[in-house]
Every structure is written in C-alpha cells, then in structure tokens.
Amino acid sequence: MSAPATTADAGHHEPSKFHFYIAIAMILSVITGVEVVLVYLPIAKWFVVTALVVLSAVKFMFVIFFFMHLRWDKVFCTILFFIGLVLAGGTMWALLHLFGADAGKPLSAAALDFARLTVG
Amino acid sequence: MSSHAATIDHHHDATTSTGIPNKKLLWWAFLASDCMFFGALISTHLVYRLNPPPGNAIPTQVFNIELTSFSTFILLMSSLLMALAVNAIQKGNIRSTRTMLLGTMFFGCIFLGGQVYEFAHFVAVKKMTLSNSIFGSTFYTLTGTHGTHVAIGVLLLGMMYVRTFKPAHGESGLLRNFAHLAAVCTVMAVSFIWLVPSGIEAIYGAPVGELLSHHAVPFGIGAVALAVVFWFARSGGEVEFGEKNAIDVEAIGLYWHFVDIVWIIIFTAVYLLEYL
C-alpha cells in the first residue's frame, strides 16, 4: 500500500471526535428504543411501517456517514458504496415484485393436492 | 509507541490516483458487493414471508424480541467502541486502541452468544430447524450468514490486536504471535459459545451452580487463555504499530460497521415487522 500523505505542520493531530461519537451512539440507541416501542403502539399499521423504514434508514445513514467516515472521505467512496446499495435495493425490489405476482405465489395445501392428483 | 513529527491525513492519500488510500478503496468495493449478497438473502426471506407456504412457523411465537433488542443495542455499542479505536490510533494512542479493540471484540461475542442462545432455543424448545419449514430455512441462512460475518470480524480484530504488540526493533517470532492470537481466539470462542449463552440462561432462571459445573471444562480453558492474554499484554518495549497504521484499523472498522448496518436492516425487516 502507498504511504499516507503527510503535511508540514508538525506535532498536530486531527481533532478528537470522542464526544461526537458518543452523541451519535446515544442517538442510535434512542432510535432503536423508539422502534421497539412503536410496534406495540395501537396506531395505524401503515404509519408504523413507514416510521420503521425511515428510522432504520436514519440509523443506516448515521453509521455510514459518521462511524464509517464517509462524511470526511472523498465522495468517490460514497459513490462506490451507493452503487452496490442501489443494485442491492433494485434486486430486492425486482424480486419482491416478481414473486408478488399471482403466478409466483405458492399453492395452498388443497390446490397442491389437486395439482398432484391431476398432473400425476 | 511510535511518534510522528508530521500530521497524517487519515482521509486522503495524495500518492494514489484516486486520492483515496488503496486499502480503504478495496474495502469499500468489497462492502458494496456484500450489500448485493445480503440484499439477495433478505429479499429471499421477505418473499417467503409475504407468501408463506402451508405449515410455516409463526415468527411471533418463536422470536424473543427483548433478547434481540438487547443484541441490537450491544452491536450498536460495539460500533461505537470500534469508532473510538480508530479515533485513538489516529492520535497515536496505542493503549486506548488496544482497549477499544478488546471491547469491540467482547461486545461482538455478546452478540454472537445471544445468537447461539437464540438458535439453540429455537431448535430445542420451539422445534424450528433449518429444514422443517421455509421460514426456518430462510431465517437461519440469513441470520447465520450475518453471524458468520460478525465472527470473521472478531477474528480480524483479534489479528489487529495481536499486531499492535509487534516490537519496533527485531522480530516478535511467529510462534509467539500465533500463541497470542490462539489465546485471544480461545477467550472469545469460550465467551460466545458457553459464557454468554449460560449468562442468558441464568437470567431466565437456570441455576448458576449447575451451569458452572456443566461447562466447567470450557470455562477453565477460557480462564487459562485469559491469563495468557494478560501475560502477553504486560507492558513491554517500544512497538512498531502507531499512527501510521490508522488506515489498517480503519479498514477493519469499515467491515465491522458494515455488519452493524446489515443488522439494522435485518432487525427491522425480519424481527420488528412481524409484530405488526
């Protein structure tokens, strides 16, 4: 591997992110707690599903941009990772729609028995 | 500890054509491909959950959401420790880096121990195996693959921890490094295979004395391995590892945070959505 670049100003380190990371971890913990409580609340299902998806996405973004340093790295790292993420998301979307079609659904027990009898 | 007169830019590398350290670029490319791997596993699980075949297991009767929520919290906290390990090495603080690496590994083992307990409980009590229902097949394949990633992460962190002891002058010896890594791996294996699952069983009411006597041999081996780890960790001379190795720790950190973000998705898609 190539050596990291150095600059001339001697004796200085990057500013500490200790308290910042602690704050991020606390936010992530609170979001996780909210997610668990949400599923037990007697509110509309569509609202809970939307809230869970949004909260998970927020946690996901917090981790990749702050813990994984994408926020401070070159934008190419973000593009590279999001290529994989978009391809994965697209594959999931396609699979869920393909198998959500009527022809993709598994047969019921009665229909399966009937199919076995008629086809042999 | 090695010291450096000049500041190291930990996010950019002017000597590469992309301006990104090659190791970091390689890890990001690998993680992008791993996204697709987990995407396929998660969608397979969801396809069969949305169209459940006859005789499928009922997830809410199988899951223990309290334990899984606790495991999720532990994995998030392990990510915090990993970020602090990278922060410490970027400032050349080897002692703090080692502590944070050990903490990350131990939290990873708590997560894995929770999974060992969960799988054993599902098979023995809930009678859900890998092959007796589609739900079992997709669930164990997905969460088991994620658990394997966590276990590989613990091993990589253990190798990085042992590497921090490499002396600045002369060789530490292959046998010594191997013994050190074997001791670390033994402690971690005993933690997640016996210690943590036994601890969870104790919390759920199993007699502690019976658990201790039942697993006396692995606990004894783990205690000896822990003593060996402490013996190797006693303060020595100057080490080669330092701020210049921050990219190595960060690279392992990227992998560790990735298993965390995959679990964020699995926790919502596989566990929480079942309770609606």
# chains A, B, ... in the order shown; residues from 1 in each chain; ligands from 1

call {"tool": "residues_around", "arguments": {"residues": "Ser69 in chain B", "least_positions_apart": "3", "cutoff": "9 Å", "atoms": "only C-alpha atoms", "output": "PyMOL selection string"}}
result
(chain A and resi 32-33+36) or (chain B and resi 64-66+72-74+267)

call {"tool": "closest_residue", "arguments": {"among": "A:Trp72, A:Trp46, A:Phe114, A:Phe20", "to": "chain B", "atoms": "only C-alpha atoms"}}
result
A:Trp72

call {"tool": "closest_residue", "arguments": {"among": "B:Ala189, B:Leu276, B:Ala182, B:Leu254", "to": "Phe81 in chain A", "atoms": "only C-alpha atoms"}}
result
B:Leu254

call {"tool": "select_by_dssp", "arguments": {"residues": "chain A", "states": "alpha helix (DSSP H)", "output": "MDAnalysis selection string"}}
result
chainID A and resid 18:38 45:62 75:100 109:119

call {"tool": "write_last_selection", "arguments": {"atoms": "C-alpha atoms", "output": "PDB file, in the first residue's frame"}}
result
ATOM      1  CA  PHE A  18     -14.702  11.235  21.047  1.00  0.00           C
ATOM      2  CA  HIS A  19     -17.720  13.193  22.317  1.00  0.00           C
ATOM      3  CA  PHE A  20     -19.193  13.357  18.826  1.00  0.00           C
ATOM      4  CA  TYR A  21     -19.122   9.534  18.517  1.00  0.00           C
ATOM      5  CA  ILE A  22     -20.689   9.150  21.972  1.00  0.00           C
ATOM      6  CA  ALA A  23     -23.500  11.507  20.921  1.00  0.00           C
ATOM      7  CA  ILE A  24     -24.082   9.544  17.683  1.00  0.00           C
ATOM      8  CA  ALA A  25     -24.202   6.245  19.630  1.00  0.00           C
ATOM      9  CA  MET A  26     -26.757   7.701  22.062  1.00  0.00           C
ATOM     10  CA  ILE A  27     -28.947   8.886  19.165  1.00  0.00           C
ATOM     11  CA  LEU A  28     -28.757   5.396  17.594  1.00  0.00           C
ATOM     12  CA  SER A  29     -29.731   3.775  20.915  1.00  0.00           C
ATOM     13  CA  VAL A  30     -32.705   6.093  21.366  1.00  0.00           C
ATOM     14  CA  ILE A  31     -33.892   5.403  17.784  1.00  0.00           C
ATOM     15  CA  THR A  32     -33.649   1.642  18.429  1.00  0.00           C
ATOM     16  CA  GLY A  33     -35.714   2.056  21.613  1.00  0.00           C
ATOM     17  CA  VAL A  34     -38.341   4.081  19.717  1.00  0.00           C
ATOM     18  CA  GLU A  35     -38.508   1.361  17.020  1.00  0.00           C
ATOM     19  CA  VAL A  36     -39.188  -1.383  19.583  1.00  0.00           C
ATOM     20  CA  VAL A  37     -41.876   0.680  21.351  1.00  0.00           C
ATOM     21  CA  LEU A  38     -43.532   1.661  18.039  1.00  0.00           C
ATOM     22  CA  LYS A  45     -50.072  -0.101  10.528  1.00  0.00           C
ATOM     23  CA  TRP A  46     -49.050   1.986   7.503  1.00  0.00           C
ATOM     24  CA  PHE A  47     -47.723   4.678   9.831  1.00  0.00           C
ATOM     25  CA  VAL A  48     -45.669   2.199  11.888  1.00  0.00           C
ATOM     26  CA  VAL A  49     -44.206   0.571   8.747  1.00  0.00           C
ATOM     27  CA  THR A  50     -43.278   3.982   7.307  1.00  0.00           C
ATOM     28  CA  ALA A  51     -41.789   5.111  10.620  1.00  0.00           C
ATOM     29  CA  LEU A  52     -39.733   1.890  10.949  1.00  0.00           C
ATOM     30  CA  VAL A  53     -38.377   2.223   7.404  1.00  0.00           C
ATOM     31  CA  VAL A  54     -37.478   5.905   7.935  1.00  0.00           C
ATOM     32  CA  LEU A  55     -35.880   5.287  11.358  1.00  0.00           C
ATOM     33  CA  SER A  56     -33.819   2.348  10.009  1.00  0.00           C
ATOM     34  CA  ALA A  57     -32.672   4.497   7.087  1.00  0.00           C
ATOM     35  CA  VAL A  58     -31.665   7.274   9.502  1.00  0.00           C
ATOM     36  CA  LYS A  59     -29.651   4.794  11.627  1.00  0.00           C
ATOM     37  CA  PHE A  60     -28.065   3.381   8.467  1.00  0.00           C
ATOM     38  CA  MET A  61     -27.027   6.854   7.261  1.00  0.00           C
ATOM     39  CA  PHE A  62     -25.689   7.890  10.689  1.00  0.00           C
ATOM     40  CA  VAL A  75     -17.041  11.499  -2.441  1.00  0.00           C
ATOM     41  CA  PHE A  76     -15.862   8.601  -4.641  1.00  0.00           C
ATOM     42  CA  CYS A  77     -16.123   6.244  -1.623  1.00  0.00           C
ATOM     43  CA  THR A  78     -19.776   7.285  -1.195  1.00  0.00           C
ATOM     44  CA  ILE A  79     -20.489   6.777  -4.909  1.00  0.00           C
ATOM     45  CA  LEU A  80     -18.792   3.345  -4.908  1.00  0.00           C
ATOM     46  CA  PHE A  81     -20.780   2.141  -1.887  1.00  0.00           C
ATOM     47  CA  PHE A  82     -24.064   3.529  -3.165  1.00  0.00           C
ATOM     48  CA  ILE A  83     -23.582   1.700  -6.493  1.00  0.00           C
ATOM     49  CA  GLY A  84     -23.666  -1.569  -4.513  1.00  0.00           C
ATOM     50  CA  LEU A  85     -26.519  -0.311  -2.342  1.00  0.00           C
ATOM     51  CA  VAL A  86     -28.669   0.762  -5.317  1.00  0.00           C
ATOM     52  CA  LEU A  87     -28.024  -2.545  -7.136  1.00  0.00           C
ATOM     53  CA  ALA A  88     -28.956  -4.452  -3.962  1.00  0.00           C
ATOM     54  CA  GLY A  89     -32.081  -2.319  -3.462  1.00  0.00           C
ATOM     55  CA  GLY A  90     -33.061  -2.770  -7.114  1.00  0.00           C
ATOM     56  CA  THR A  91     -32.609  -6.542  -6.880  1.00  0.00           C
ATOM     57  CA  MET A  92     -34.758  -6.653  -3.746  1.00  0.00           C
ATOM     58  CA  TRP A  93     -37.462  -4.517  -5.360  1.00  0.00           C
ATOM     59  CA  ALA A  94     -37.461  -6.706  -8.502  1.00  0.00           C
ATOM     60  CA  LEU A  95     -37.569  -9.990  -6.560  1.00  0.00           C
ATOM     61  CA  LEU A  96     -40.388  -8.810  -4.283  1.00  0.00           C
ATOM     62  CA  HIS A  97     -42.452  -7.722  -7.306  1.00  0.00           C
ATOM     63  CA  LEU A  98     -41.708 -10.863  -9.338  1.00  0.00           C
ATOM     64  CA  PHE A  99     -42.708 -13.179  -6.506  1.00  0.00           C
ATOM     65  CA  GLY A 100     -45.599 -10.931  -5.500  1.00  0.00           C
ATOM     66  CA  ALA A 109     -52.392 -27.277   0.596  1.00  0.00           C
ATOM     67  CA  ALA A 110     -55.703 -28.156  -1.157  1.00  0.00           C
ATOM     68  CA  ALA A 111     -54.556 -26.751  -4.522  1.00  0.00           C
ATOM     69  CA  LEU A 112     -51.253 -28.598  -4.168  1.00  0.00           C
ATOM     70  CA  ASP A 113     -53.068 -31.936  -3.578  1.00  0.00           C
ATOM     71  CA  PHE A 114     -55.364 -31.268  -6.556  1.00  0.00           C
ATOM     72  CA  ALA A 115     -52.371 -30.441  -8.782  1.00  0.00           C
ATOM     73  CA  ARG A 116     -50.617 -33.655  -7.724  1.00  0.00           C
ATOM     74  CA  LEU A 117     -53.726 -35.739  -8.495  1.00  0.00           C
ATOM     75  CA  THR A 118     -54.401 -34.187 -11.885  1.00  0.00           C
ATOM     76  CA  VAL A 119     -50.799 -33.998 -13.093  1.00  0.00           C
TER      77      VAL A 119
END

call {"tool": "closest_atom_pairs", "arguments": {"of": "range 65-175 of chain B", "to": "range 240-250 of chain B", "cutoff": "10 Å", "atoms": "only C-alpha atoms", "output": "CSV"}}
result
residue,atom,partner,partner_atom,distance
B:Met82,CA,B:Glu250,CA,8.6
B:Ala83,CA,B:Glu250,CA,8.3
B:Ala85,CA,B:Val249,CA,7.7
B:Val86,CA,B:Glu250,CA,5.7
B:Asn87,CA,B:Ala246,CA,8.5
B:Ala88,CA,B:Glu243,CA,8.8
B:Ile89,CA,B:Glu243,CA,5.4
B:Gln90,CA,B:Glu243,CA,5.3
B:Lys91,CA,B:Glu243,CA,6.3
B:Gly92,CA,B:Glu243,CA,4.4
B:Asn93,CA,B:Gly242,CA,7.7
B:Ile94,CA,B:Gly242,CA,6.7
B:Thr97,CA,B:Val249,CA,9.0
B:Leu101,CA,B:Val249,CA,9.2
B:Leu156,CA,B:Val249,CA,9.9
B:Leu157,CA,B:Val249,CA,8.4
B:Met160,CA,B:Val249,CA,7.2
B:Tyr161,CA,B:Val249,CA,9.5
B:Arg163,CA,B:Phe241,CA,7.4
B:Thr164,CA,B:Phe241,CA,5.2
B:Phe165,CA,B:Phe241,CA,7.3
B:Lys166,CA,B:Glu240,CA,5.8
B:Pro167,CA,B:Glu240,CA,5.4
B:Ala168,CA,B:Glu240,CA,4.0
B:His169,CA,B:Glu240,CA,7.6
B:Gly170,CA,B:Glu240,CA,9.8

call {"tool": "write_last_selection", "arguments": {"atoms": "C-alpha atoms", "output": "compact mmCIF listing (two decimals), in the first residue's frame"}}
result
# COMPACT_ATOMS: atom_id res chain seq x y z
CA MET B 82 -14.73 0.49 17.01
CA ALA B 83 -15.08 4.17 16.05
CA ALA B 85 -10.48 2.58 18.44
CA VAL B 86 -9.96 4.32 15.08
CA ASN B 87 -10.08 7.71 16.82
CA ALA B 88 -7.44 6.55 19.33
CA ILE B 89 -5.00 5.18 16.74
CA GLN B 90 -5.37 8.34 14.64
CA LYS B 91 -3.92 10.16 17.67
CA GLY B 92 -1.22 7.52 18.17
CA ASN B 93 -2.71 6.23 21.45
CA ILE B 94 -1.85 2.50 21.31
CA THR B 97 -6.64 1.43 20.76
CA LEU B 101 -10.37 -3.31 20.11
CA LEU B 156 -9.85 -9.83 12.14
CA LEU B 157 -9.98 -7.59 15.23
CA MET B 160 -5.17 -6.50 14.59
CA TYR B 161 -4.93 -6.57 18.42
CA ARG B 163 -0.34 -6.91 15.60
CA THR B 164 -0.24 -3.89 17.95
CA PHE B 165 2.37 -5.75 20.06
CA LYS B 166 4.94 -6.15 17.25
CA PRO B 167 8.20 -4.73 18.63
CA ALA B 168 9.82 -1.74 16.92
CA HIS B 169 13.21 -3.47 16.81
CA GLY B 170 13.64 -7.12 15.85

call {"tool": "residues_around", "arguments": {"residues": "range 119-130 of chain B", "least_positions_apart": "4", "cutoff": "7 Å", "atoms": "only C-alpha atoms", "output": "list in words"}}
result
Val62, Gln115, Gly136, Ser137 and Tyr140 of chain B
